[in-house]
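Structure file run.cif; described as mmCIF, C-alpha atoms and all ligand atoms; chains and numbers go by the auth columns.
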data_model
loop_
_atom_site.group_PDB
_atom_site.id
_atom_site.type_symbol
_atom_site.label_atom_id
_atom_site.label_comp_id
_atom_site.label_asym_id
_atom_site.label_seq_id
_atom_site.Cartn_x
_atom_site.Cartn_y
_atom_site.Cartn_z
_atom_site.B_iso_or_equiv
_atom_site.auth_seq_id
_atom_site.auth_asym_id
ATOM 1 C CA MET A 1 -30.438 -22.983 -30.171 0.00 1 G
ATOM 2 C CA SER A 2 -31.635 -23.983 -33.658 0.00 2 G
ATOM 3 C CA PRO A 3 -29.067 -25.029 -36.317 0.00 3 G
ATOM 4 C CA VAL A 4 -29.792 -21.798 -38.241 0.00 4 G
ATOM 5 C CA GLU A 5 -29.187 -19.638 -35.143 0.00 5 G
ATOM 6 C CA LEU A 6 -26.056 -21.604 -34.367 0.00 6 G
ATOM 7 C CA ARG A 7 -24.707 -21.098 -37.884 0.00 7 G
ATOM 8 C CA ARG A 8 -25.436 -17.329 -37.700 0.00 8 G
ATOM 9 C CA ARG A 9 -23.721 -17.121 -34.327 0.00 9 G
ATOM 10 C CA LEU A 10 -20.655 -18.955 -35.648 0.00 10 G
ATOM 11 C CA GLU A 11 -20.475 -16.665 -38.697 0.00 11 G
ATOM 12 C CA PHE A 12 -20.671 -13.634 -36.395 0.00 12 G
ATOM 13 C CA TYR A 13 -17.790 -14.946 -34.265 0.00 13 G
ATOM 14 C CA ARG A 14 -15.779 -15.741 -37.396 0.00 14 G
ATOM 15 C CA ASP A 15 -16.172 -12.108 -38.564 0.00 15 G
ATOM 16 C CA LEU A 16 -14.905 -10.950 -35.192 0.00 16 G
ATOM 17 C CA GLY A 17 -11.753 -12.986 -35.779 0.00 17 G
ATOM 18 C CA ILE A 18 -12.680 -15.743 -33.356 0.00 18 G
ATOM 19 C CA LYS A 19 -11.915 -19.104 -34.863 0.00 19 G
ATOM 20 C CA THR A 20 -11.278 -21.117 -31.742 0.00 20 G
ATOM 21 C CA MET A 21 -13.936 -21.644 -29.116 0.00 21 G
ATOM 22 C CA TYR A 22 -13.652 -23.341 -25.770 0.00 22 G
ATOM 23 C CA ARG A 23 -16.275 -24.774 -23.524 0.00 23 G
ATOM 24 C CA ARG A 24 -16.084 -23.225 -20.069 0.00 24 G
ATOM 25 C CA GLU A 25 -15.231 -26.570 -18.423 0.00 25 G
ATOM 26 C CA ALA A 26 -12.503 -27.256 -20.969 0.00 26 G
ATOM 27 C CA GLN A 27 -10.590 -24.037 -20.328 0.00 27 G
ATOM 28 C CA VAL A 28 -7.709 -25.777 -18.617 0.00 28 G
ATOM 29 C CA GLU A 29 -6.889 -27.390 -21.950 0.00 29 G
ATOM 30 C CA ALA A 30 -6.862 -24.159 -23.920 0.00 30 G
ATOM 31 C CA THR A 31 -3.970 -23.994 -26.305 0.00 31 G
ATOM 32 C CA THR A 32 -1.078 -21.677 -25.727 0.00 32 G
ATOM 33 C CA GLN A 33 -0.011 -19.441 -28.571 0.00 33 G
ATOM 34 C CA PRO A 34 3.371 -19.924 -30.157 0.00 34 G
ATOM 35 C CA SER A 35 6.074 -17.694 -28.695 0.00 35 G
ATOM 36 C CA PRO A 36 6.599 -14.589 -30.779 0.00 36 G
ATOM 37 C CA GLU A 37 9.489 -14.669 -33.212 0.00 37 G
ATOM 38 C CA PRO A 38 12.550 -12.707 -32.196 0.00 38 G
ATOM 39 C CA LEU A 39 12.088 -9.034 -32.995 0.00 39 G
ATOM 40 C CA LEU A 40 14.354 -6.882 -35.035 0.00 40 G
ATOM 41 C CA GLU A 41 16.029 -4.425 -32.783 0.00 41 G
ATOM 42 C CA PRO A 42 14.597 -1.010 -33.554 0.00 42 G
ATOM 43 C CA GLN A 43 15.302 1.915 -31.235 0.00 43 G
ATOM 44 C CA PHE A 44 12.761 2.212 -28.452 0.00 44 G
ATOM 45 C CA GLU A 45 11.957 5.120 -26.241 0.00 45 G
ATOM 46 C CA PRO A 46 11.962 4.216 -22.526 0.00 46 G
ATOM 47 C CA GLU A 47 8.854 2.264 -21.580 0.00 47 G
ATOM 48 C CA PRO A 48 6.510 4.654 -19.748 0.00 48 G
ATOM 49 C CA GLN A 49 3.992 3.773 -17.072 0.00 49 G
ATOM 50 C CA PRO A 50 0.747 2.660 -18.712 0.00 50 G
ATOM 51 C CA ALA A 51 -2.165 5.026 -18.146 0.00 51 G
ATOM 52 C CA MET A 52 -4.167 2.249 -16.578 0.00 52 G
ATOM 53 C CA GLU A 53 -3.318 -0.605 -14.289 0.00 53 G
ATOM 54 C CA LEU A 54 -3.144 -3.933 -16.059 0.00 54 G
ATOM 55 C CA PRO A 55 -6.181 -5.914 -14.986 0.00 55 G
ATOM 56 C CA GLY A 56 -5.710 -8.951 -12.826 0.00 56 G
ATOM 57 C CA LEU A 57 -8.301 -10.858 -14.798 0.00 57 G
ATOM 58 C CA ALA A 58 -6.314 -11.890 -17.838 0.00 58 G
ATOM 59 C CA PRO A 59 -5.536 -15.560 -17.203 0.00 59 G
ATOM 60 C CA GLU A 60 -2.801 -17.341 -19.157 0.00 60 G
ATOM 61 C CA SER A 61 -5.333 -19.069 -21.383 0.00 61 G
ATOM 62 C CA ASP A 62 -7.385 -15.960 -22.135 0.00 62 G
ATOM 63 C CA THR A 63 -8.980 -15.920 -25.577 0.00 63 G
ATOM 64 C CA LEU A 64 -10.945 -13.404 -27.585 0.00 64 G
ATOM 65 C CA PHE A 65 -13.991 -15.600 -27.158 0.00 65 G
ATOM 66 C CA LYS A 66 -13.724 -15.536 -23.367 0.00 66 G
ATOM 67 C CA ILE A 67 -13.237 -11.772 -23.385 0.00 67 G
ATOM 68 C CA LEU A 68 -16.303 -11.344 -25.592 0.00 68 G
ATOM 69 C CA GLU A 69 -18.273 -13.544 -23.224 0.00 69 G
ATOM 70 C CA ASP A 70 -17.095 -11.499 -20.238 0.00 70 G
ATOM 71 C CA ILE A 71 -18.133 -8.256 -21.920 0.00 71 G
ATOM 72 C CA GLY A 72 -21.603 -9.692 -22.468 0.00 72 G
ATOM 73 C CA ASP A 73 -24.286 -7.013 -22.471 0.00 73 G
ATOM 74 C CA CYS A 74 -21.860 -4.651 -20.767 0.00 74 G
ATOM 75 C CA LYS A 75 -23.150 -1.768 -18.666 0.00 75 G
ATOM 76 C CA ARG A 76 -19.931 -1.121 -16.794 0.00 76 G
ATOM 77 C CA CYS A 77 -19.680 2.507 -17.916 0.00 77 G
ATOM 78 C CA ARG A 78 -22.078 5.244 -19.040 0.00 78 G
ATOM 79 C CA LEU A 79 -21.326 4.666 -22.723 0.00 79 G
ATOM 80 C CA HIS A 80 -23.712 1.721 -22.773 0.00 80 G
ATOM 81 C CA THR A 81 -26.695 4.069 -22.639 0.00 81 G
ATOM 82 C CA GLY A 82 -26.272 5.388 -26.186 0.00 82 G
ATOM 83 C CA ARG A 83 -24.937 2.383 -28.040 0.00 83 G
ATOM 84 C CA ASN A 84 -26.659 0.190 -30.567 0.00 84 G
ATOM 85 C CA LYS A 85 -23.955 -2.480 -30.791 0.00 85 G
ATOM 86 C CA ILE A 86 -20.823 -3.253 -28.849 0.00 86 G
ATOM 87 C CA VAL A 87 -17.882 -3.074 -31.238 0.00 87 G
ATOM 88 C CA PHE A 88 -15.497 -5.693 -29.950 0.00 88 G
ATOM 89 C CA GLY A 89 -12.873 -5.902 -32.697 0.00 89 G
ATOM 90 C CA ALA A 90 -12.294 -7.757 -35.958 0.00 90 G
ATOM 91 C CA GLY A 91 -9.571 -9.573 -37.822 0.00 91 G
ATOM 92 C CA ASP A 92 -7.220 -12.468 -37.268 0.00 92 G
ATOM 93 C CA GLU A 93 -7.066 -13.646 -33.657 0.00 93 G
ATOM 94 C CA HIS A 94 -3.452 -14.696 -34.290 0.00 94 G
ATOM 95 C CA ALA A 95 -2.497 -11.456 -36.043 0.00 95 G
ATOM 96 C CA LYS A 96 1.085 -10.264 -35.856 0.00 96 G
ATOM 97 C CA LEU A 97 -0.127 -6.681 -35.982 0.00 97 G
ATOM 98 C CA VAL A 98 -2.950 -4.980 -34.077 0.00 98 G
ATOM 99 C CA PHE A 99 -4.353 -1.526 -34.791 0.00 99 G
ATOM 100 C CA VAL A 100 -5.976 0.287 -31.869 0.00 100 G
ATOM 101 C CA GLY A 101 -8.306 3.207 -32.487 0.00 101 G
ATOM 102 C CA GLU A 102 -10.340 5.370 -30.145 0.00 102 G
ATOM 103 C CA GLY A 103 -13.945 4.171 -30.213 0.00 103 G
ATOM 104 C CA PRO A 104 -16.796 3.312 -32.576 0.00 104 G
ATOM 105 C CA GLY A 105 -18.442 5.995 -34.717 0.00 105 G
ATOM 106 C CA ALA A 106 -21.964 5.946 -36.128 0.00 106 G
ATOM 107 C CA ASP A 107 -21.305 3.328 -38.846 0.00 107 G
ATOM 108 C CA GLU A 108 -19.435 1.048 -36.472 0.00 108 G
ATOM 109 C CA ASP A 109 -22.147 1.405 -33.818 0.00 109 G
ATOM 110 C CA ALA A 110 -24.774 0.432 -36.390 0.00 110 G
ATOM 111 C CA GLN A 111 -22.866 -2.554 -37.792 0.00 111 G
ATOM 112 C CA GLY A 112 -20.966 -3.803 -34.739 0.00 112 G
ATOM 113 C CA PHE A 113 -17.590 -3.841 -36.486 0.00 113 G
ATOM 114 C CA PRO A 114 -14.646 -1.448 -36.133 0.00 114 G
ATOM 115 C CA PHE A 115 -13.442 0.953 -38.832 0.00 115 G
ATOM 116 C CA VAL A 116 -16.191 0.354 -41.389 0.00 116 G
ATOM 117 C CA GLY A 117 -17.001 4.026 -42.143 0.00 117 G
ATOM 118 C CA ARG A 118 -14.944 6.494 -44.190 0.00 118 G
ATOM 119 C CA ALA A 119 -12.036 6.429 -41.759 0.00 119 G
ATOM 120 C CA GLY A 120 -12.141 2.636 -41.896 0.00 120 G
ATOM 121 C CA GLN A 121 -12.013 2.620 -45.677 0.00 121 G
ATOM 122 C CA LEU A 122 -8.969 4.879 -45.502 0.00 122 G
ATOM 123 C CA LEU A 123 -7.346 2.564 -42.968 0.00 123 G
ATOM 124 C CA THR A 124 -7.982 -0.415 -45.254 0.00 124 G
ATOM 125 C CA GLN A 125 -6.406 1.452 -48.182 0.00 125 G
ATOM 126 C CA MET A 126 -3.455 2.473 -46.048 0.00 126 G
ATOM 127 C CA ILE A 127 -2.809 -1.095 -44.918 0.00 127 G
ATOM 128 C CA GLU A 128 -3.367 -2.805 -48.255 0.00 128 G
ATOM 129 C CA ASN A 129 -1.775 -0.208 -50.557 0.00 129 G
ATOM 130 C CA THR A 130 1.291 0.252 -48.384 0.00 130 G
ATOM 131 C CA ALA A 131 1.734 -3.496 -47.993 0.00 131 G
ATOM 132 C CA SER A 132 1.336 -4.031 -51.719 0.00 132 G
ATOM 133 C CA LYS A 133 3.841 -1.278 -52.616 0.00 133 G
ATOM 134 C CA GLU A 134 6.323 -2.695 -50.131 0.00 134 G
ATOM 135 C CA GLY A 135 5.886 -6.246 -51.406 0.00 135 G
ATOM 136 C CA ILE A 136 4.306 -7.508 -48.194 0.00 136 G
ATOM 137 C CA PRO A 137 1.481 -9.961 -48.931 0.00 137 G
ATOM 138 C CA ILE A 138 -1.106 -8.978 -46.340 0.00 138 G
ATOM 139 C CA LEU A 139 -4.664 -7.701 -46.446 0.00 139 G
ATOM 140 C CA ARG A 140 -6.764 -6.020 -43.786 0.00 140 G
ATOM 141 C CA LYS A 141 -8.180 -9.383 -42.726 0.00 141 G
ATOM 142 C CA ASP A 142 -4.675 -10.491 -41.695 0.00 142 G
ATOM 143 C CA VAL A 143 -4.356 -7.870 -38.962 0.00 143 G
ATOM 144 C CA TYR A 144 -6.587 -7.279 -35.936 0.00 144 G
ATOM 145 C CA ILE A 145 -8.408 -3.995 -35.380 0.00 145 G
ATOM 146 C CA CYS A 146 -10.087 -2.790 -32.205 0.00 146 G
ATOM 147 C CA ASN A 147 -10.678 0.317 -30.113 0.00 147 G
ATOM 148 C CA VAL A 148 -9.998 1.598 -26.615 0.00 148 G
ATOM 149 C CA VAL A 149 -13.740 1.805 -25.845 0.00 149 G
ATOM 150 C CA LYS A 150 -16.218 -0.650 -27.308 0.00 150 G
ATOM 151 C CA CYS A 151 -19.316 1.581 -27.272 0.00 151 G
ATOM 152 C CA ARG A 152 -19.838 4.761 -29.235 0.00 152 G
ATOM 153 C CA PRO A 153 -19.375 7.952 -27.197 0.00 153 G
ATOM 154 C CA PRO A 154 -22.236 10.418 -27.717 0.00 154 G
ATOM 155 C CA GLU A 155 -21.614 12.877 -30.565 0.00 155 G
ATOM 156 C CA ASN A 156 -18.332 11.055 -31.171 0.00 156 G
ATOM 157 C CA ARG A 157 -16.753 12.858 -28.242 0.00 157 G
ATOM 158 C CA THR A 158 -13.410 11.700 -26.863 0.00 158 G
ATOM 159 C CA PRO A 159 -13.864 8.970 -24.241 0.00 159 G
ATOM 160 C CA GLU A 160 -13.568 10.186 -20.648 0.00 160 G
ATOM 161 C CA PRO A 161 -10.667 8.879 -18.538 0.00 161 G
ATOM 162 C CA ASP A 162 -12.940 6.679 -16.415 0.00 162 G
ATOM 163 C CA GLU A 163 -14.542 5.153 -19.525 0.00 163 G
ATOM 164 C CA MET A 164 -11.089 4.440 -20.941 0.00 164 G
ATOM 165 C CA GLU A 165 -10.026 2.888 -17.674 0.00 165 G
ATOM 166 C CA ILE A 166 -13.060 0.629 -17.352 0.00 166 G
ATOM 167 C CA CYS A 167 -13.193 -0.483 -20.980 0.00 167 G
ATOM 168 C CA GLY A 168 -9.402 -0.491 -21.313 0.00 168 G
ATOM 169 C CA GLN A 169 -9.294 -3.727 -19.318 0.00 169 G
ATOM 170 C CA PHE A 170 -10.891 -5.483 -22.294 0.00 170 G
ATOM 171 C CA LEU A 171 -8.446 -3.898 -24.726 0.00 171 G
ATOM 172 C CA PHE A 172 -5.535 -5.022 -22.570 0.00 172 G
ATOM 173 C CA ARG A 173 -6.933 -8.541 -22.428 0.00 173 G
ATOM 174 C CA GLN A 174 -7.364 -8.572 -26.214 0.00 174 G
ATOM 175 C CA LEU A 175 -3.767 -7.474 -26.710 0.00 175 G
ATOM 176 C CA SER A 176 -2.490 -9.967 -24.146 0.00 176 G
ATOM 177 C CA ALA A 177 -4.479 -12.796 -25.750 0.00 177 G
ATOM 178 C CA ILE A 178 -3.331 -11.985 -29.288 0.00 178 G
ATOM 179 C CA ARG A 179 0.208 -11.047 -28.226 0.00 179 G
ATOM 180 C CA PRO A 180 1.048 -9.432 -31.586 0.00 180 G
ATOM 181 C CA LYS A 181 4.525 -8.611 -32.753 0.00 181 G
ATOM 182 C CA ALA A 182 3.625 -4.911 -32.843 0.00 182 G
ATOM 183 C CA ILE A 183 0.760 -2.541 -32.090 0.00 183 G
ATOM 184 C CA CYS A 184 -0.134 0.550 -34.090 0.00 184 G
ATOM 185 C CA ALA A 185 -1.878 3.155 -31.917 0.00 185 G
ATOM 186 C CA LEU A 186 -4.119 5.332 -34.044 0.00 186 G
ATOM 187 C CA GLY A 187 -4.421 8.783 -32.504 0.00 187 G
ATOM 188 C CA GLY A 188 -4.063 10.393 -29.109 0.00 188 G
ATOM 189 C CA THR A 189 -6.669 8.368 -27.208 0.00 189 G
ATOM 190 C CA ALA A 190 -5.031 5.058 -28.130 0.00 190 G
ATOM 191 C CA SER A 191 -1.587 6.378 -27.263 0.00 191 G
ATOM 192 C CA ARG A 192 -2.861 7.709 -23.896 0.00 192 G
ATOM 193 C CA ALA A 193 -4.519 4.391 -23.084 0.00 193 G
ATOM 194 C CA LEU A 194 -1.506 2.269 -24.018 0.00 194 G
ATOM 195 C CA LEU A 195 1.405 4.475 -23.103 0.00 195 G
ATOM 196 C CA GLY A 196 0.032 6.983 -20.633 0.00 196 G
ATOM 197 C CA ARG A 197 1.489 9.736 -22.788 0.00 197 G
ATOM 198 C CA THR A 198 -0.334 13.024 -23.161 0.00 198 G
ATOM 199 C CA GLU A 199 1.882 14.628 -25.814 0.00 199 G
ATOM 200 C CA GLY A 200 0.315 15.187 -29.207 0.00 200 G
ATOM 201 C CA VAL A 201 0.564 12.533 -31.895 0.00 201 G
ATOM 202 C CA THR A 202 2.808 14.833 -33.941 0.00 202 G
ATOM 203 C CA ARG A 203 5.455 14.607 -31.229 0.00 203 G
ATOM 204 C CA MET A 204 5.072 10.904 -30.528 0.00 204 G
ATOM 205 C CA ARG A 205 4.711 9.443 -33.980 0.00 205 G
ATOM 206 C CA GLY A 206 7.509 7.797 -35.902 0.00 206 G
ATOM 207 C CA ASN A 207 9.312 6.316 -32.864 0.00 207 G
ATOM 208 C CA TRP A 208 8.907 2.960 -31.242 0.00 208 G
ATOM 209 C CA GLN A 209 7.517 2.774 -27.714 0.00 209 G
ATOM 210 C CA LYS A 210 6.506 -0.332 -25.784 0.00 210 G
ATOM 211 C CA TRP A 211 3.344 -1.603 -24.137 0.00 211 G
ATOM 212 C CA ASN A 212 3.949 -4.552 -21.877 0.00 212 G
ATOM 213 C CA GLY A 213 7.015 -5.523 -23.895 0.00 213 G
ATOM 214 C CA ILE A 214 5.252 -5.209 -27.271 0.00 214 G
ATOM 215 C CA PRO A 215 6.544 -2.514 -29.667 0.00 215 G
ATOM 216 C CA VAL A 216 4.027 0.285 -30.243 0.00 216 G
ATOM 217 C CA MET A 217 4.035 2.810 -33.066 0.00 217 G
ATOM 218 C CA VAL A 218 1.833 5.858 -32.590 0.00 218 G
ATOM 219 C CA THR A 219 0.461 7.484 -35.714 0.00 219 G
ATOM 220 C CA TYR A 220 -2.454 9.647 -36.774 0.00 220 G
ATOM 221 C CA HIS A 221 -6.033 8.422 -36.586 0.00 221 G
ATOM 222 C CA PRO A 222 -7.453 7.962 -40.117 0.00 222 G
ATOM 223 C CA SER A 223 -10.347 10.332 -39.338 0.00 223 G
ATOM 224 C CA TYR A 224 -7.778 13.093 -38.762 0.00 224 G
ATOM 225 C CA LEU A 225 -6.186 12.251 -42.100 0.00 225 G
ATOM 226 C CA LEU A 226 -9.517 12.697 -43.870 0.00 226 G
ATOM 227 C CA ARG A 227 -9.418 16.426 -43.221 0.00 227 G
ATOM 228 C CA PRO A 228 -8.310 18.110 -46.452 0.00 228 G
ATOM 229 C CA TYR A 229 -5.548 20.259 -44.939 0.00 229 G
ATOM 230 C CA ASN A 230 -3.631 17.311 -43.524 0.00 230 G
ATOM 231 C CA GLN A 231 -1.481 16.358 -46.498 0.00 231 G
ATOM 232 C CA ASN A 232 1.735 16.315 -44.437 0.00 232 G
ATOM 233 C CA ALA A 233 0.144 14.154 -41.792 0.00 233 G
ATOM 234 C CA LYS A 234 -0.972 11.726 -44.503 0.00 234 G
ATOM 235 C CA ARG A 235 2.568 11.370 -45.778 0.00 235 G
ATOM 236 C CA GLU A 236 3.856 10.877 -42.232 0.00 236 G
ATOM 237 C CA ALA A 237 1.207 8.264 -41.470 0.00 237 G
ATOM 238 C CA TRP A 238 2.222 6.314 -44.571 0.00 238 G
ATOM 239 C CA GLU A 239 5.847 6.498 -43.447 0.00 239 G
ATOM 240 C CA ASP A 240 4.900 5.216 -39.991 0.00 240 G
ATOM 241 C CA LEU A 241 2.907 2.372 -41.472 0.00 241 G
ATOM 242 C CA LYS A 242 5.762 1.364 -43.741 0.00 242 G
ATOM 243 C CA LYS A 243 8.035 1.183 -40.719 0.00 243 G
ATOM 244 C CA VAL A 244 5.508 -0.960 -38.854 0.00 244 G
ATOM 245 C CA LEU A 245 4.874 -3.355 -41.731 0.00 245 G
ATOM 246 C CA HIS A 246 8.580 -3.954 -42.339 0.00 246 G
ATOM 247 C CA MET A 247 9.260 -4.458 -38.667 0.00 247 G
ATOM 248 C CA VAL A 248 6.451 -7.002 -38.355 0.00 248 G
ATOM 249 C CA TYR A 249 6.603 -8.893 -41.647 0.00 249 G
ATOM 250 C CA ASP A 250 10.223 -8.707 -42.884 0.00 250 G
HETATM 251 S S1 LIG B . -17.601 1.182 -23.361 0.00 1 N
HETATM 252 FE FE1 LIG B . -16.764 -0.759 -22.644 0.00 1 N
HETATM 253 S S2 LIG B . -17.024 -0.695 -20.408 0.00 1 N
HETATM 254 FE FE2 LIG B . -18.354 0.892 -21.277 0.00 1 N
HETATM 255 S S3 LIG B . -20.330 -0.140 -21.508 0.00 1 N
HETATM 256 FE FE3 LIG B . -19.233 -0.336 -23.461 0.00 1 N
HETATM 257 S S4 LIG B . -18.206 -2.337 -23.364 0.00 1 N
HETATM 258 FE FE4 LIG B . -18.808 -1.748 -21.271 0.00 1 N
#
Here is the file; what I need is its structure written in the form of structure tokens.
Amino acid sequence: MSPVELRRRLEFYRDLGIKTMYRREAQVEATTQPSPEPLLEPQFEPEPQPAMELPGLAPESDTLFKILEDIGDCKRCRLHTGRNKIVFGAGDEHAKLVFVGEGPGADEDAQGFPFVGRAGQLLTQMIENTASKEGIPILRKDVYICNVVKCRPPENRTPEPDEMEICGQFLFRQLSAIRPKAICALGGTASRALLGRTEGVTRMRGNWQKWNGIPVMVTYHPSYLLRPYNQNAKREAWEDLKKVLHMVYD
């Protein structure tokens, strides 16, 4: 690989939030992440059965880079047929907070990064404005953002259960590798994938659940909030986000 190609590749990985890379043969020496700080003790609902089995392929030293390598030019489910780019995720690989959406839309599919369209701009505003109002010094780049499925479903349809199950293994590995202090599930697909819950977001939002021991807050997907009649939902989403930010960064 030429120096120019190498530099481009490194910049691409940096944008995905990958700052640490390991050679395959050096994996045994991969660093372990610091243990998470003790959590405040919010009220949790009982931990439900996850919708999908946790994969057996998330080794102790798993990293975002290894997961990206394992995805490769993935054709494990039918969604590969219509995609332009796999949308892996973006942000800080050591983030204390991870946002999980449903799947890439047209803008994300074209650019290869999550939440870059209108819904993404709203999510950025929600994170940065709420943090700023609450006196919490974080920007979007300080969190990690990814989706349940990494390829765009045709016509932006909801991912099918088998697609969620197959691609969900990569989401679970991402979450296990980052091990954030909290996860914010954006919309029903993310809450189904993480919590196995089929109730609507309106019923689930506002209360802490857990995925694999990590606190999860379900709230509305930003694309739902873009609809003009959803003023109440917007206010509720801001409330949920405030709760999440204080729990993670106070
Ligand atoms: S959606 Fe996930 S499992 Fe399906 S092809 Fe894309 S990367 Fe692979």
Task: Atom pair atom CA of Gln174 of chain G / atom CA of Leu64 of chain G: separation (Å) - done: 6.2 Å
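The neighbours of Lys133 of chain G here are the residues that come within 12 Å of it, using all atoms listed in the file and leaving out any residue fewer than 4 positions away in the same chain; they are G:Gln125, G:Met126, G:Ile127, G:Glu128, G:Asn129, G:Pro137, G:Ile138, G:Trp238, G:Leu241, G:Lys242, G:Leu245, G:His246.
The interatomic distance for the pair atom CA of Leu122 of chain G and atom CA of Val148 of chain G works out to 19.2 Å.
Among the candidates G:Asp142, G:Glu93, G:Asp250, G:Glu163, the one nearest to ligand LIG 1 (chain N) when counting only C-alpha atoms and all ligand atoms is G:Glu163.
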Task: Nearest-residue call for ligand LIG 1 (chain N), choices G:Ala182, G:Ala106, G:Leu68, G:Met247, using all atoms listed in the file - done: G:Leu68
Quick one: which chain G residues come within 6 Å of ligand LIG 1 (chain N), and what is the nearest atom pair for each with the distance in Å to one decimal, counting only C-alpha atoms and all ligand atoms, rows ordered by chain and ascending number, as a tab-separated table?
residue	atom	partner	partner_atom	distance
G:Cys74	CA	N:LIG1	FE4	4.2
G:Lys75	CA	N:LIG1	S3	4.3
G:Arg76	CA	N:LIG1	S2	4.7
G:Cys77	CA	N:LIG1	FE2	4.0
G:Leu79	CA	N:LIG1	FE2	5.0
G:His80	CA	N:LIG1	S3	4.1
G:Val149	CA	N:LIG1	S1	4.6
G:Lys150	CA	N:LIG1	S1	4.6
G:Cys151	CA	N:LIG1	FE3	4.3
G:Glu163	CA	N:LIG1	FE2	6.0
G:Ile166	CA	N:LIG1	S2	5.2
G:Cys167	CA	N:LIG1	S2	3.9
